[in-house]
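> Dropping a structure here in structure tokens format, bear with me for questions.
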Number of protein chains: 2
Amino acid sequence: MKTYLDCIPCFMHQALRAAKMATSDERAIKEILDRTGDMVKTIPMQATPAETGMMVYRIVKEVTGVYDPYKAIKRKHIAEANSIYPELEQLVEKSEDKLLTAIRIAIAGNVIDLGINKTFDIVSDVKKIMHQEFAVFDYEAFKQALDGAKNILYLGDNAGESVFDKLLIKALKKPVKYAVRTKPIINDTTMEDAIESGLDSVAELVDSGSEAPGIILDECSPAFLDTFNRADLVISKGQGNYEGLSDCSRQVFFMLKAKCAVISNHLGVNEGAIVLKEYRAI
Amino acid sequence: MKTYLDCIPCFMHQALRAAKMATSDERAIKEILDRTGDMVKTIPMQATPAETGMMVYRIVKEVTGVYDPYKAIKRKHIAEANSIYPELEQLVEKSEDKLLTAIRIAIAGNVIDLGINKTFDIVSDVKKIMHQEFAVFDYEAFKQALDGAKNILYLGDNAGESVFDKLLIKALKKPVKYAVRTKPIINDTTMEDAIESGLDSVAELVDSGSEAPGIILDECSPAFLDTFNRADLVISKGQGNYEGLSDCSRQVFFMLKAKCAVISNHLGVNEGAIVLKEYRAI
């Protein structure tokens, strides 16, 4: 997916939010905004928004020296998600269609996104999404692909959401590799976050090699690309991964909540919609 | 009021909205965003946001050659406001406290603001505000000032809102001068808009001399400053005028709806609050 003009003010918002997370020094925050402003004219509009997001966070790191501004809040979200995990596990156990309930929960976890200018409440938002209708629902195709799959690659998104992913991975009942970001970026799941979310007990954790807040194949390691190409089934969580893979050369199942106008327009759904979408390379 | 760091992403949003109003040429829109981005480092943080807003709209004019991108939508809002005017006039007539009802309607009209990243529906928003509690309600002070006033200066804000101002001006029952922007800026009321709103039948229209989307005294004409200083009572509508006058050297009554976090924090109210505030120079 390319960058849209509407993404540009959003980059300034992202810069401001990350800058405030990293420091309370107003001069440093202003410098981050100045440099993000200067960057606008260099944005490659044919690249994905996630790539520009990476540039924004590099500026924040360079100016403040803070490598992981969202570290504390990621801990908090993982703890919060862990605290409702047993209840959600029960919900899956008791449901008629365990796989579908686990998919719903995994998508519900996608509300935990600090790259987006929206507030959220994990517990109440998860409960709401449990009853929300899907705007795209390629469930039959997903079940068919799952049936035939010997191995699955699951592309993680945000820390906290990662805990909900654990439930879905258990429901898949197949060997799963779970891909994390190679370095901290926004509140995306890193290796450390994945372990804290207990994902190492249900999946093999793999480093994507991508520093962007999304799987950008050009940025990924050769080892990861091999895993990506060989996987029988790829599950991609969230907007950032969608941005990177919406035109890729293989089948991918996207699970996400459309949280901004650009993504929802690209998907042809309303803002706030939940999506289980099969993508096939043309 | 100074510019806050939170205003900076908002300038990018304003640039994008105005650019899209002025043209559908994506390269021109990108150029406007590039130049607005470059401008960030030059923003005088001690100046008001309205002054930077003026710089943004200058860029839009320079790149597109469009002098008044909101012209058509201003016409639409004035027509829409005119169409519900008779109903609102009846509401004032039938109410126990005619002055207060007219103040409420004038504040309700302040939802018509295209500088802010919010959608609005004139008719339903006006009806909602009729029953909303004031977060600041210096009504007694206002009535007292009105009683003693021989002449009133009323600082207009947005086109469309201007029609509702007419109702309040009639309810004031005193000679009123109504100040307009000297040139088109966002959807603010110019002389032409004021006449189309029928304000010339209830007030003497005066040009503030300010090109900013708010009364910035340093930008105003000497004639206007004289009117401002000599007025017995000054009524200031909206956020832009508040930004310019929140530290001025005379008494002002602010009437507005707090539509963004920066203004609501500055006023010490919640976002969305309605305010009738007496300001006195310290």
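Labels used: A, B, ... for chains in the order of the structure tokens, numbers from 1 for residues in each chain, and numbers from 1 for ligands as shown.
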Select all residues from chain B having any atom no more than 9 Å from an atom of chain A (counting only C-alpha atoms, ignoring ligands), output as a ChimeraX atom specification.

/B:5-6,8-16,26,29-31,33-42

> Please report, as a list in words, each residue of region 122-233 of chain B to which DSSP assigns strand (DSSP E or B) when run on this structure's backbone.

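Output for region 122-233 of chain B, strand (DSSP E or B) only: Phe134, Ala135, Val136, Phe137, Ile152, Leu153, Tyr154, Leu155, Asn158, Val176, Lys177, Tyr178, Ala179, Val180, Arg181, Asp188, Thr190, Glu204, Leu205, Val206, Asp207 and Leu233 of chain B.
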
> Could you write out that same residue set with C-alpha atoms as a PDB file, in the first residue's frame?


ATOM      1  CA  PHE B 134     -22.388  25.869  30.488  1.00  0.00           C
ATOM      2  CA  ALA B 135     -18.911  24.969  31.789  1.00  0.00           C
ATOM      3  CA  VAL B 136     -18.271  28.676  32.438  1.00  0.00           C
ATOM      4  CA  PHE B 137     -21.333  30.864  32.873  1.00  0.00           C
ATOM      5  CA  ILE B 152     -21.106  47.060  21.722  1.00  0.00           C
ATOM      6  CA  LEU B 153     -18.397  45.516  19.568  1.00  0.00           C
ATOM      7  CA  TYR B 154     -19.255  41.990  18.451  1.00  0.00           C
ATOM      8  CA  LEU B 155     -16.368  39.976  16.982  1.00  0.00           C
ATOM      9  CA  ASN B 158     -17.443  31.665  11.119  1.00  0.00           C
ATOM     10  CA  VAL B 176     -23.685  46.997  17.764  1.00  0.00           C
ATOM     11  CA  LYS B 177     -20.636  47.038  15.506  1.00  0.00           C
ATOM     12  CA  TYR B 178     -19.941  43.626  13.988  1.00  0.00           C
ATOM     13  CA  ALA B 179     -16.301  42.923  13.076  1.00  0.00           C
ATOM     14  CA  VAL B 180     -15.389  40.750  10.079  1.00  0.00           C
ATOM     15  CA  ARG B 181     -12.091  39.414   8.681  1.00  0.00           C
ATOM     16  CA  ASP B 188     -14.423  32.931   8.702  1.00  0.00           C
ATOM     17  CA  THR B 190     -15.898  38.376   5.678  1.00  0.00           C
ATOM     18  CA  GLU B 204     -22.753  48.364  11.609  1.00  0.00           C
ATOM     19  CA  LEU B 205     -20.273  46.106   9.835  1.00  0.00           C
ATOM     20  CA  VAL B 206     -16.610  46.918  10.487  1.00  0.00           C
ATOM     21  CA  ASP B 207     -13.473  45.459   8.944  1.00  0.00           C
ATOM     22  CA  LEU B 233     -18.776  45.865  25.815  1.00  0.00           C
TER      23      LEU B 233
END

> Could you list, as a PyMOL selection string, every residue within 12 Å of region 74-79 of chain B, counting only C-alpha atoms and ignoring same-chain residues fewer than 6 positions away?

chain B and resi 21+68+85+109-114+120-123+158-166+184-190+192-199

> Just the number, please: distance in Å from CA of Ala18 (chain A) to CA of Pro213 (chain A), one decimal.

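A separation of 13.2 Å between them.
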
> From a DSSP pass on the backbone, collect the residues of region 91-220 of chain B flagged as alpha helix (DSSP H) and hand them back as JSON, numbers by chain.

{"B": [91, 92, 93, 94, 98, 99, 100, 101, 102, 103, 104, 105, 106, 107, 108, 122, 123, 124, 125, 126, 127, 128, 129, 139, 140, 141, 142, 143, 144, 145, 146, 147, 148, 161, 162, 163, 164, 165, 166, 167, 168, 169, 170, 171, 172, 191, 192, 193, 194, 195, 196]}

> For CA of Gly53 (chain B) and CA of Ala212 (chain B), determine how far apart the two atoms are, in Å to one decimal place.

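Answer for the CA of Gly53 (chain B) to CA of Ala212 (chain B) separation: 7.0 Å.
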
> Would you kindly return, as a PyMOL selection string, each protein, DNA or RNA residue with an atom no farther than 10 Å from any atom of region 65-67 of chain B, considering only C-alpha atoms and excluding same-chain residues fewer than 2 positions away?

chain B and resi 19+21-23+57-63+69-71+183-185

> Would you mind listing what lies within 10 Å of region 92-107 of chain B as a ChimeraX atom specification, with only C-alpha atoms counted and same-chain residues fewer than 4 positions away left out?

/B:86-88,111,126-127,129-132,134,139,143,161-173,237-238,254-257,274-276

> Have a look at B:Thr3, B:Ser246, B:Thr182, B:Asn151 and name the one nearest to Phe228 (chain B); count only C-alpha atoms.

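Looking at the shortest contact to Phe228 (chain B), the residue is B:Asn151.
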
> Report, in Å with one decimal, the straight-line distance from CA of Lys150 (chain A) to CA of Tyr242 (chain A).

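CA of Tyr242 (chain A) lies 23.4 Å from CA of Lys150 (chain A).
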
> Please provide the set of residues having any atom within 9 Å of Val252 (chain B), restricted to only C-alpha atoms, with same-chain residues fewer than 3 positions apart removed, written as a count of residues only.

12

> Do a neighbour search on Gly272 (chain B) at 9 Å with only C-alpha atoms, toss out local chain neighbours closer than 5 positions, and write the hits as a ChimeraX atom specification.

/B:257-260,264

> Give me a file of those residues, with N, CA and C atoms, as a compact mmCIF listing (two decimals), in the first residue's frame.


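Done, and the output landed in part_20.txt:
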# COMPACT_ATOMS: atom_id res chain seq x y z
N LYS B 257 -17.68 27.40 21.84
CA LYS B 257 -17.68 25.98 22.14
C LYS B 257 -16.21 25.56 22.05
N ALA B 258 -15.71 24.89 23.10
CA ALA B 258 -14.30 24.47 23.13
C ALA B 258 -14.16 23.21 22.28
N LYS B 259 -13.56 23.38 21.09
CA LYS B 259 -13.60 22.30 20.11
C LYS B 259 -12.29 21.53 19.97
N CYS B 260 -11.25 21.95 20.70
CA CYS B 260 -10.01 21.16 20.64
C CYS B 260 -9.39 21.11 22.03
N SER B 264 -9.56 23.86 25.20
CA SER B 264 -10.28 23.45 26.41
C SER B 264 -9.35 23.39 27.62
